[in-house]
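Asker: Contents are mmCIF, C-alpha atoms; file name target-v1.cif:
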data_input
loop_
_atom_site.label_atom_id
_atom_site.label_comp_id
_atom_site.auth_asym_id
_atom_site.auth_seq_id
_atom_site.Cartn_x
_atom_site.Cartn_y
_atom_site.Cartn_z
CA MET L 29 36.83 -6.24 -11.99
CA PRO L 30 38.25 -7.39 -15.32
CA HIS L 31 41.84 -6.74 -16.40
CA LYS L 32 43.00 -5.23 -19.65
CA CYS L 33 46.36 -5.95 -21.27
CA THR L 34 48.11 -2.57 -21.46
CA ARG L 35 49.70 -3.40 -24.81
CA CYS L 36 47.05 -5.10 -26.96
CA GLU L 37 44.04 -4.05 -24.84
CA LYS L 38 42.60 -7.56 -24.73
CA ILE L 39 40.28 -7.98 -21.75
CA PHE L 40 40.49 -10.86 -19.29
CA LYS L 41 38.06 -11.56 -16.51
CA ASP L 42 39.08 -11.18 -12.90
CA GLY L 43 41.27 -14.04 -11.71
CA ALA L 44 42.04 -15.37 -15.22
CA VAL L 45 45.22 -17.48 -15.51
CA GLU L 46 46.38 -15.34 -18.45
CA ILE L 47 47.04 -12.50 -16.01
CA LEU L 48 49.62 -14.65 -14.23
CA ASN L 49 51.10 -16.27 -17.33
CA GLY L 50 51.21 -13.23 -19.55
CA CYS L 51 48.90 -12.15 -22.34
CA PRO L 52 48.47 -15.07 -24.81
CA ASN L 53 47.90 -12.54 -27.57
CA CYS L 54 51.07 -10.42 -27.31
CA GLY L 55 53.05 -11.94 -24.45
CA TRP L 56 52.89 -8.74 -22.37
CA ASN L 57 52.63 -9.03 -18.61
CA LYS L 58 51.23 -5.70 -17.47
CA PHE L 59 47.51 -5.44 -16.91
CA LEU L 60 45.16 -2.70 -15.81
CA PHE L 61 41.88 -2.90 -13.89
CA VAL L 62 38.96 -1.81 -16.05
CA HIS L 63 35.30 -1.27 -15.28
CA ASP L 64 33.06 -3.63 -17.13
CA GLU L 65 29.78 -2.34 -18.50
CA TYR L 66 27.69 -4.09 -15.86
CA GLN L 67 29.35 -2.10 -13.15
CA ALA L 68 28.88 1.21 -14.87
CA VAL L 69 25.63 1.94 -13.00
CA PRO L 70 25.58 5.23 -11.10
CA GLU L 71 26.45 4.75 -7.46
CA SER L 72 23.40 6.58 -6.29
CA THR L 73 20.98 3.86 -7.38
CA ILE L 74 20.81 0.85 -5.18
CA GLU L 75 21.04 -2.39 -7.05
CA GLY L 76 19.58 -5.12 -4.91
CA GLU L 77 18.75 -8.68 -5.76
CA GLU L 78 15.49 -8.60 -3.91
CA GLU L 79 13.54 -6.50 -6.37
CA GLN L 80 14.58 -8.55 -9.37
CA PRO L 81 12.02 -11.32 -8.85
CA ALA L 82 9.24 -8.76 -8.54
CA LYS L 83 10.34 -7.19 -11.81
CA LYS L 84 10.37 -10.51 -13.59
CA PHE L 85 7.02 -11.43 -12.11
CA LEU L 86 5.35 -8.22 -13.25
CA LYS L 87 6.81 -8.67 -16.71
CA GLU L 88 5.57 -12.24 -16.98
CA ILE L 89 2.11 -11.26 -15.88
CA ASP L 90 2.02 -8.35 -18.28
CA GLU L 91 2.95 -10.67 -21.11
CA PHE L 92 0.37 -13.17 -19.99
CA LEU L 93 -2.35 -10.53 -19.92
CA ALA L 94 -1.32 -9.24 -23.31
CA ASP L 95 -1.54 -12.77 -24.71
CA GLN L 96 -5.00 -13.20 -23.29
CA GLY L 97 -6.05 -9.96 -24.93
CA VAL L 98 -7.24 -8.41 -21.68
CA LYS L 99 -8.29 -4.81 -22.02
CA VAL L 100 -7.98 -2.44 -19.11
CA ASP L 101 -11.36 -0.84 -19.87
CA GLU L 102 -13.19 -4.11 -19.23
CA VAL L 103 -11.47 -4.51 -15.91
CA GLU L 104 -12.32 -1.06 -14.64
CA LYS L 105 -16.05 -1.69 -14.77
CA ILE L 106 -15.88 -4.36 -12.09
CA GLU L 107 -16.67 -3.20 -8.59
CA GLN L 108 -14.09 -3.05 -5.84
CA GLU L 109 -14.25 -5.26 -2.80
CA PRO L 110 -13.71 -3.67 0.59
CA GLU L 111 -10.08 -3.08 1.56
CA GLY L 112 -10.16 -5.28 4.66
CA GLU L 113 -11.04 -8.44 2.76
CA ARG L 114 -8.15 -8.20 0.36
CA ILE L 115 -5.30 -10.59 0.92
CA GLU L 116 -3.19 -9.62 -2.04
CA SER L 117 -0.40 -7.08 -1.89
CA ILE L 118 -0.68 -6.16 -5.56
CA ARG L 119 -3.55 -6.50 -7.95
CA ILE L 120 -2.71 -6.42 -11.60
CA MET L 121 -5.62 -4.89 -13.44
CA GLY L 122 -3.99 -4.99 -16.85
CA PRO L 123 -0.74 -4.05 -18.52
CA GLY L 124 0.46 -0.83 -16.89
CA SER L 125 -2.35 -0.70 -14.35
CA TYR L 126 -1.72 -1.83 -10.80
CA GLU L 127 -3.42 -1.53 -7.43
CA LEU L 128 -1.29 -1.76 -4.35
CA ASN L 129 -2.49 -2.83 -0.95
CA LEU L 130 -0.08 -0.85 1.22
CA GLU L 131 -1.33 -2.43 4.40
CA ALA L 132 -0.46 -5.92 3.18
CA LEU L 133 2.86 -4.74 1.78
CA LEU L 134 3.82 -3.07 5.04
CA GLU L 135 2.69 -5.83 7.33
CA ARG L 136 3.68 -8.96 5.51
CA LYS L 137 6.97 -10.08 4.09
CA GLU L 138 5.43 -12.14 1.34
CA ILE L 139 4.01 -10.72 -1.85
CA ILE L 140 0.70 -12.06 -3.08
CA MET L 141 -0.50 -11.00 -6.50
CA ALA L 142 -4.05 -11.05 -7.70
CA LEU L 143 -5.09 -10.98 -11.31
CA LYS L 144 -7.96 -8.62 -12.05
CA GLU L 145 -11.06 -9.49 -10.06
CA ASP L 146 -11.42 -13.08 -11.12
CA GLY L 147 -10.13 -14.75 -7.97
CA THR L 148 -6.78 -15.79 -9.45
CA TYR L 149 -3.95 -15.34 -6.96
CA MET L 150 -0.25 -15.94 -7.19
CA VAL L 151 2.09 -16.22 -4.26
CA HIS L 152 5.56 -14.92 -4.93
CA LEU L 153 7.59 -17.72 -3.35
CA PRO L 154 11.01 -16.01 -3.10
CA SER L 155 9.46 -13.30 -0.95
CA VAL L 156 7.87 -15.94 1.31
CA PHE L 157 11.10 -17.82 1.86
CA ASP L 158 13.54 -14.97 1.63
CA ASN L 159 12.75 -12.96 4.77
CA LYS L 160 15.98 -12.26 6.59
CA LYS L 161 18.33 -13.62 3.97
CA LYS L 162 18.74 -10.13 2.59
CA LYS L 163 22.26 -8.80 2.77
CA LYS L 164 22.83 -5.61 4.71
CA LYS L 165 24.77 -3.10 2.74
CA MET G 3 38.29 -8.13 41.30
CA GLY G 4 34.73 -6.89 41.07
CA PHE G 5 35.95 -3.34 41.59
CA ILE G 6 38.50 -3.58 38.77
CA LYS G 7 35.88 -5.00 36.45
CA LYS G 8 33.55 -2.15 37.30
CA VAL G 9 36.21 0.48 36.63
CA LYS G 10 37.08 -1.22 33.37
CA LYS G 11 33.43 -1.24 32.31
CA ASN G 12 32.90 2.39 33.27
CA PHE G 13 36.03 3.43 31.46
CA SER G 14 35.07 1.61 28.29
CA SER G 15 31.60 3.15 28.29
CA ILE G 16 33.07 6.65 28.72
CA PHE G 17 35.54 5.91 25.95
CA LYS G 18 32.73 4.73 23.69
CA SER G 19 30.55 7.75 24.35
CA LEU G 20 33.46 10.04 23.51
CA PHE G 21 34.45 8.43 20.25
CA LYS G 22 31.41 6.56 18.98
CA LYS G 23 30.17 7.98 15.72
CA LYS G 24 26.42 7.89 15.55
CA ILE G 25 24.97 7.10 12.17
CA ALA G 26 21.22 6.94 11.75
CA LYS G 27 19.66 5.58 8.59
CA ILE G 28 16.74 7.80 7.72
CA GLY G 29 14.16 7.23 5.00
CA ILE G 30 12.24 9.99 3.29
CA TYR G 31 8.73 8.69 2.65
CA GLY G 32 5.41 10.09 1.50
CA PRO G 33 2.87 10.08 -1.30
CA PRO G 34 3.93 10.87 -4.90
CA ASN G 35 4.60 14.56 -5.62
CA ALA G 36 4.85 15.53 -1.95
CA GLY G 37 8.38 16.82 -2.53
CA LYS G 38 10.52 13.98 -1.16
CA THR G 39 13.30 14.29 -3.72
CA THR G 40 13.19 18.10 -3.53
CA LEU G 41 13.72 17.77 0.23
CA ALA G 42 16.45 15.12 -0.18
CA ASN G 43 18.18 17.37 -2.71
CA ARG G 44 17.99 20.34 -0.34
CA ILE G 45 19.35 18.42 2.66
CA ILE G 46 22.17 16.96 0.62
CA ARG G 47 22.99 20.24 -1.11
CA ASP G 48 22.96 22.16 2.17
CA TRP G 49 25.28 19.75 3.93
CA THR G 50 27.43 18.20 1.21
CA GLY G 51 27.02 20.40 -1.87
CA ASP G 52 25.73 17.57 -4.13
CA ALA G 53 22.30 16.63 -5.45
CA MET G 54 20.27 13.45 -5.08
CA GLY G 55 18.02 13.07 -8.08
CA ALA G 56 15.80 14.62 -10.71
CA VAL G 57 12.47 16.21 -9.78
CA SER G 58 9.40 16.83 -11.92
CA ASN G 59 5.70 17.41 -11.59
CA VAL G 60 4.89 14.07 -13.21
CA PRO G 61 4.09 11.67 -10.36
CA HIS G 62 6.54 8.83 -9.70
CA GLU G 63 9.60 10.64 -11.04
CA THR G 64 11.64 8.69 -8.46
CA ARG G 65 11.16 5.02 -9.18
CA ARG G 66 14.18 3.57 -7.41
CA ALA G 67 15.22 4.18 -3.83
CA ARG G 68 18.37 6.31 -3.72
CA ARG G 69 20.76 6.40 -0.84
CA ARG G 70 23.33 8.94 0.22
CA GLU G 71 25.63 7.97 3.05
CA GLY G 72 27.33 10.02 5.71
CA VAL G 73 25.46 13.33 5.58
CA THR G 74 26.38 15.21 8.75
CA ILE G 75 23.89 17.74 10.05
CA GLU G 76 24.80 20.17 12.79
CA SER G 77 22.20 22.16 14.62
CA ASN G 78 22.25 23.90 18.00
CA GLY G 79 25.47 22.21 18.98
CA SER G 80 24.23 18.68 18.33
CA LYS G 81 25.62 16.78 15.42
CA VAL G 82 24.13 13.80 13.67
CA THR G 83 25.39 11.74 10.75
CA LEU G 84 22.70 10.32 8.53
CA ASP G 85 22.41 7.86 5.70
CA ILE G 86 19.55 9.30 3.72
CA VAL G 87 17.27 7.12 1.59
CA ASP G 88 14.98 8.90 -0.85
CA THR G 89 12.12 6.61 -1.81
CA PRO G 90 9.54 6.39 -4.59
CA GLY G 91 6.14 7.83 -3.66
CA LEU G 92 3.78 5.47 -1.90
CA ALA G 93 0.47 5.07 -3.68
CA THR G 94 -2.35 2.59 -3.69
CA LYS G 95 -2.91 2.76 -7.40
CA VAL G 96 -0.58 3.13 -10.33
CA ASP G 97 -2.23 3.49 -13.70
CA PHE G 98 -0.49 4.32 -16.94
CA HIS G 99 -3.44 6.53 -18.00
CA GLU G 100 -2.31 9.01 -15.36
CA PHE G 101 1.08 9.34 -17.06
CA MET G 102 -0.52 9.65 -20.47
CA ALA G 103 -2.44 12.63 -19.11
CA HIS G 104 0.98 14.19 -18.48
CA GLY G 105 1.81 13.79 -22.15
CA LEU G 106 3.70 10.49 -22.12
CA GLU G 107 3.33 7.96 -24.94
CA GLU G 108 1.43 4.79 -24.08
CA GLU G 109 4.48 2.51 -24.12
CA GLU G 110 6.50 4.89 -21.98
CA ALA G 111 3.55 5.37 -19.61
CA LYS G 112 3.17 1.61 -19.15
CA ARG G 113 6.87 1.19 -18.49
CA ARG G 114 6.75 3.99 -15.96
CA ALA G 115 3.74 2.42 -14.24
CA LYS G 116 5.57 -0.87 -13.93
CA GLU G 117 8.71 0.78 -12.56
CA ALA G 118 6.68 2.84 -10.11
CA THR G 119 4.97 -0.31 -8.82
CA GLU G 120 8.32 -2.02 -8.28
CA GLY G 121 9.56 1.18 -6.65
CA ILE G 122 6.73 1.18 -4.12
CA ILE G 123 7.48 -2.43 -3.15
CA GLU G 124 11.16 -1.54 -2.85
CA ALA G 125 10.37 1.50 -0.69
CA VAL G 126 8.30 -0.63 1.67
CA LYS G 127 11.03 -3.27 1.95
CA TRP G 128 13.56 -0.54 2.83
CA LEU G 129 11.62 0.22 6.01
CA ASP G 130 13.14 -2.89 7.62
CA ASP G 131 16.59 -1.31 7.45
CA LEU G 132 15.82 2.16 8.82
CA ASP G 133 16.29 3.91 12.15
CA GLY G 134 13.81 6.68 11.48
CA VAL G 135 11.53 8.23 8.93
CA ILE G 136 10.84 11.72 7.63
CA LEU G 137 7.32 11.63 6.27
CA VAL G 138 6.81 14.35 3.69
CA MET G 139 3.25 15.52 3.18
CA ASP G 140 1.88 18.06 0.76
CA ALA G 141 0.34 20.73 3.02
CA THR G 142 -1.99 21.86 0.25
CA GLU G 143 -3.70 18.45 0.22
CA ASP G 144 -6.06 16.71 2.61
CA PRO G 145 -3.85 14.77 5.05
CA PHE G 146 -6.49 12.12 5.78
CA THR G 147 -5.53 9.77 2.99
CA GLN G 148 -5.28 6.03 3.06
CA VAL G 149 -1.55 6.24 2.33
CA ASN G 150 -0.79 8.62 5.22
CA VAL G 151 -2.96 6.81 7.75
CA THR G 152 -1.63 3.37 6.79
CA VAL G 153 2.01 4.47 6.76
CA ILE G 154 1.81 6.31 10.09
CA GLY G 155 -0.04 3.40 11.72
CA ASN G 156 2.58 0.95 10.51
CA MET G 157 5.52 3.09 11.63
CA GLU G 158 3.97 3.43 15.06
CA ALA G 159 3.65 -0.36 15.21
CA ARG G 160 7.32 -0.70 14.22
CA LYS G 161 8.24 1.94 16.83
CA LEU G 162 10.17 3.88 14.19
CA PRO G 163 10.80 7.52 15.15
CA LEU G 164 8.78 9.67 12.80
CA LEU G 165 9.10 13.30 11.82
CA ILE G 166 6.47 14.92 9.62
CA ALA G 167 7.60 17.55 7.14
CA ALA G 168 4.53 19.57 6.09
CA ASN G 169 5.85 20.66 2.73
CA LYS G 170 4.91 23.33 0.18
CA ILE G 171 4.25 26.18 2.65
CA ASP G 172 5.36 28.55 -0.13
CA LEU G 173 1.95 27.96 -1.70
CA PRO G 174 -0.83 30.22 -0.32
CA GLU G 175 -3.37 27.39 -0.04
CA SER G 176 -1.11 25.28 2.19
CA SER G 177 -2.26 24.44 5.70
CA PRO G 178 0.29 22.72 7.95
CA ALA G 179 -2.17 23.14 10.84
CA ARG G 180 -4.54 20.73 9.15
CA ILE G 181 -1.80 18.07 9.15
CA ARG G 182 -0.92 18.85 12.76
CA SER G 183 -4.49 18.33 13.89
CA ALA G 184 -4.73 15.11 11.88
CA PHE G 185 -1.60 13.56 13.39
CA PRO G 186 -0.97 15.43 16.67
CA GLN G 187 1.05 12.54 18.15
CA HIS G 188 4.10 13.23 15.96
CA PRO G 189 6.50 16.18 15.72
CA LEU G 190 5.81 18.33 12.69
CA VAL G 191 7.81 21.01 10.91
CA PRO G 192 6.18 23.18 8.23
CA ILE G 193 8.70 23.71 5.42
CA SER G 194 9.16 24.63 1.83
CA ALA G 195 11.71 22.22 0.41
CA LEU G 196 11.61 24.26 -2.80
CA ASP G 197 12.61 27.68 -1.45
CA GLY G 198 14.10 26.59 1.87
CA GLN G 199 11.60 28.33 4.16
CA ASN G 200 11.91 27.12 7.77
CA ILE G 201 14.39 24.43 6.73
CA ASP G 202 16.65 25.24 9.70
CA ALA G 203 13.83 24.27 12.05
CA LEU G 204 13.70 20.92 10.27
CA TYR G 205 17.45 20.40 10.74
CA GLU G 206 17.09 21.24 14.41
CA GLU G 207 14.31 18.71 14.75
CA ILE G 208 16.32 16.08 12.82
CA ALA G 209 19.34 16.57 15.09
CA ASP G 210 17.09 16.37 18.15
CA HIS G 211 15.03 13.46 17.01
CA PHE G 212 17.46 11.18 15.25
CA GLY G 213 20.71 12.17 16.96
#
Before we go any further, please render this structure as structure tokens.

Answerer:
Amino acid sequence: MPHKCTRCEKIFKDGAVEILNGCPNCGWNKFLFVHDEYQAVPESTIEGEEEQPAKKFLKEIDEFLADQGVKVDEVEKIEQEPEGERIESIRIMGPGSYELNLEALLERKEIIMALKEDGTYMVHLPSVFDNKKKKKK
Amino acid sequence: MGFIKKVKKNFSSIFKSLFKKKIAKIGIYGPPNAGKTTLANRIIRDWTGDAMGAVSNVPHETRRARRREGVTIESNGSKVTLDIVDTPGLATKVDFHEFMAHGLEEEEAKRRAKEATEGIIEAVKWLDDLDGVILVMDATEDPFTQVNVTVIGNMEARKLPLLIAANKIDLPESSPARIRSAFPQHPLVPISALDGQNIDALYEEIADHFG
């Protein structure tokens, strides 16, 4: 948690030498803990590192699809393959349109993404290697 | 020497059983709009006085798993302390058109679809950390869905204790019996998370099952 000088209200990060030596701005030596804006998330939501890569991945793919000018309507016409033959955990049909293979998500640690129906797959490497690295909270 | 060791061991196990605080981490799972957050809110309000999260009739209102620690439930003399995790609804398809049908703008609908997809992945990953699951099903809907069958099959494989809450019995078209006959191998409690009907039976079952 950062510290705030109680006289001039300048903020120093946690562990800064200025806290020991006195505020370089006004020479004061009393400091107060303050919440920084990154920590101001409500306690009830769980912030984990593990979902961040998935978020980034989805965003990248959405941008990629948008660049390619893919329209969701075109994608929907294509027929579905049977559930059992699917290896991917998520299929991205277009921006804002996703199909989830719960069986694969539940049974496998790794996340495999498929793009539309065109046989393009992406393996999400952090989820393959991560496994038990996850911190218990 | 052996005798002393034995006494010591016995004593420590008695001591542990007297003072050990049991905490079970329980996840509330189910398809979107089954009433998971309504149930989580009711449990938490009944036993702690707080609330868990917002509810609405737009699917995927809960898009991040939420956890509440140390909720103690007492029923029929048994007491159990739970960490409760309310999860986003499990679905096999998330499409922004569905949200647009509920009156959301396209941009907002797409953002919601993306968050809901992340939320489902997050909910599945949470399963690794749990000691038991309350599976909430909408008793007005057909229980034989891909989501229900897949989730129940997987929890059986993980040997996770499972309790089915057949929700929405306040609605006349609900049929908890249909769920019971679909999944007879698991304990089931018909409830209305909304108006609290039969909720005490659920607490009794929770204390029995997860305590």

Asker: Please tabulate, as CSV, the residues of chain G that come within 6 Å of chain L, each with its closest pair of atoms and the distance in Å to one decimal, counting all atoms listed in the file and ordering rows by chain, then residue number upward.

Answerer:
residue,atom,partner,partner_atom,distance
G:Arg68,CA,L:Thr73,CA,5.1
G:Thr94,CA,L:Leu128,CA,4.5
G:Lys95,CA,L:Glu127,CA,4.3
G:Val96,CA,L:Tyr126,CA,5.1
G:Asp97,CA,L:Ser125,CA,4.2
G:Phe98,CA,L:Gly124,CA,5.2
G:Lys112,CA,L:Gly124,CA,4.3
G:Ala115,CA,L:Gly124,CA,5.3
G:Lys116,CA,L:Gly124,CA,5.9

Asker: Check what the PyMOL selection byres ((chain G and resi 25-29) around 12) selects in the file above and give those residues as a ChimeraX atom specification.

Answerer: /L:165 /G:22-24,30-32,38-39,41-42,67-75,81-91,125-138,157,162-166,208-209,211-213

Asker: Rounded to one decimal, what separation in Å do you get between atom CA of Ile46 of chain G and atom CA of Tyr205 of chain G?

Answerer: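 Computing it gives 11.7 Å between the two atoms.
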
Asker: In Å to one decimal, how far is atom CA of Ala168 of chain G from atom CA of Arg182 of chain G?

Answerer: 8.6 Å

Asker: May I have the residues within 12 Å of segment 102-104 of chain G as a PyMOL selection string, using only C-alpha atoms and disregarding those fewer than 6 positions away in the same chain?

Answerer: (chain L and resi 124) or (chain G and resi 58-63+110-115)

Asker: For atom CA of Glu143 of chain G and atom CA of Asp210 of chain G, determine how far apart the two atoms are, in Å to one decimal place.

Answerer: 27.5 Å

Asker: Give the answer as one residue: which of L:Ala132, L:Leu143, L:Met150, L:Cys36 has the shortest atom-to-atom distance to Leu60 of chain L, using only C-alpha atoms?

Answerer: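 Selected residue with least distance to Leu60 of chain L: L:Cys36.
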
Asker: Closest to Glu46 of chain L among L:Leu153, L:Phe59, L:Arg114, L:Thr34, using all atoms listed in the file?

Answerer: L:Phe59

Asker: As JSON, what would the box around segment 33-42 of chain L look like: edges along x, y and z, 4 Å added on every side, centre and edge lengths in Å to one decimal?

Answerer:
{"center_x": 43.9, "center_y": -7.1, "center_z": -19.9, "size_x": 19.6, "size_y": 17.0, "size_z": 22.1}

Asker: So which residues get picked by the PyMOL selection byres ((chain G and resi 139) around 12) here, written as a PyMOL selection string?

Answerer: chain G and resi 30-38+41+91-92+136-138+140-147+149-151+153-154+165-171+176-178+180-182+184-185+190-195

Asker: Store the residues picked out above, limited to C-alpha atoms, as a PDB file, in the coordinates of the input.

Answerer:
ATOM      1  CA  ILE G  30      12.240   9.990   3.290  1.00  0.00           C
ATOM      2  CA  TYR G  31       8.730   8.690   2.650  1.00  0.00           C
ATOM      3  CA  GLY G  32       5.410  10.090   1.500  1.00  0.00           C
ATOM      4  CA  PRO G  33       2.870  10.080  -1.300  1.00  0.00           C
ATOM      5  CA  PRO G  34       3.930  10.870  -4.900  1.00  0.00           C
ATOM      6  CA  ASN G  35       4.600  14.560  -5.620  1.00  0.00           C
ATOM      7  CA  ALA G  36       4.850  15.530  -1.950  1.00  0.00           C
ATOM      8  CA  GLY G  37       8.380  16.820  -2.530  1.00  0.00           C
ATOM      9  CA  LYS G  38      10.520  13.980  -1.160  1.00  0.00           C
ATOM     10  CA  LEU G  41      13.720  17.770   0.230  1.00  0.00           C
ATOM     11  CA  GLY G  91       6.140   7.830  -3.660  1.00  0.00           C
ATOM     12  CA  LEU G  92       3.780   5.470  -1.900  1.00  0.00           C
ATOM     13  CA  ILE G 136      10.840  11.720   7.630  1.00  0.00           C
ATOM     14  CA  LEU G 137       7.320  11.630   6.270  1.00  0.00           C
ATOM     15  CA  VAL G 138       6.810  14.350   3.690  1.00  0.00           C
ATOM     16  CA  ASP G 140       1.880  18.060   0.760  1.00  0.00           C
ATOM     17  CA  ALA G 141       0.340  20.730   3.020  1.00  0.00           C
ATOM     18  CA  THR G 142      -1.990  21.860   0.250  1.00  0.00           C
ATOM     19  CA  GLU G 143      -3.700  18.450   0.220  1.00  0.00           C
ATOM     20  CA  ASP G 144      -6.060  16.710   2.610  1.00  0.00           C
ATOM     21  CA  PRO G 145      -3.850  14.770   5.050  1.00  0.00           C
ATOM     22  CA  PHE G 146      -6.490  12.120   5.780  1.00  0.00           C
ATOM     23  CA  THR G 147      -5.530   9.770   2.990  1.00  0.00           C
ATOM     24  CA  VAL G 149      -1.550   6.240   2.330  1.00  0.00           C
ATOM     25  CA  ASN G 150      -0.790   8.620   5.220  1.00  0.00           C
ATOM     26  CA  VAL G 151      -2.960   6.810   7.750  1.00  0.00           C
ATOM     27  CA  VAL G 153       2.010   4.470   6.760  1.00  0.00           C
ATOM     28  CA  ILE G 154       1.810   6.310  10.090  1.00  0.00           C
ATOM     29  CA  LEU G 165       9.100  13.300  11.820  1.00  0.00           C
ATOM     30  CA  ILE G 166       6.470  14.920   9.620  1.00  0.00           C
ATOM     31  CA  ALA G 167       7.600  17.550   7.140  1.00  0.00           C
ATOM     32  CA  ALA G 168       4.530  19.570   6.090  1.00  0.00           C
ATOM     33  CA  ASN G 169       5.850  20.660   2.730  1.00  0.00           C
ATOM     34  CA  LYS G 170       4.910  23.330   0.180  1.00  0.00           C
ATOM     35  CA  ILE G 171       4.250  26.180   2.650  1.00  0.00           C
ATOM     36  CA  SER G 176      -1.110  25.280   2.190  1.00  0.00           C
ATOM     37  CA  SER G 177      -2.260  24.440   5.700  1.00  0.00           C
ATOM     38  CA  PRO G 178       0.290  22.720   7.950  1.00  0.00           C
ATOM     39  CA  ARG G 180      -4.540  20.730   9.150  1.00  0.00           C
ATOM     40  CA  ILE G 181      -1.800  18.070   9.150  1.00  0.00           C
ATOM     41  CA  ARG G 182      -0.920  18.850  12.760  1.00  0.00           C
ATOM     42  CA  ALA G 184      -4.730  15.110  11.880  1.00  0.00           C
ATOM     43  CA  PHE G 185      -1.600  13.560  13.390  1.00  0.00           C
ATOM     44  CA  LEU G 190       5.810  18.330  12.690  1.00  0.00           C
ATOM     45  CA  VAL G 191       7.810  21.010  10.910  1.00  0.00           C
ATOM     46  CA  PRO G 192       6.180  23.180   8.230  1.00  0.00           C
ATOM     47  CA  ILE G 193       8.700  23.710   5.420  1.00  0.00           C
ATOM     48  CA  SER G 194       9.160  24.630   1.830  1.00  0.00           C
ATOM     49  CA  ALA G 195      11.710  22.220   0.410  1.00  0.00           C
TER      50      ALA G 195
END

Asker: Give me the residues within 8 Å of Lys41 of chain L as an NGL selection string, counting all atoms listed in the file and dropping any in the same chain fewer than 4 places off.

Answerer: :L and (29-31)

Asker: Emit the selected residues as a short mmCIF file (atom, residue, chain, number, x, y, z; two decimals), keeping the file's coordinate frame, including C-alpha atoms.

Answerer:
data_model
loop_
_atom_site.label_atom_id
_atom_site.label_comp_id
_atom_site.auth_asym_id
_atom_site.auth_seq_id
_atom_site.Cartn_x
_atom_site.Cartn_y
_atom_site.Cartn_z
CA MET L 29 36.83 -6.24 -11.99
CA PRO L 30 38.25 -7.39 -15.32
CA HIS L 31 41.84 -6.74 -16.40
#
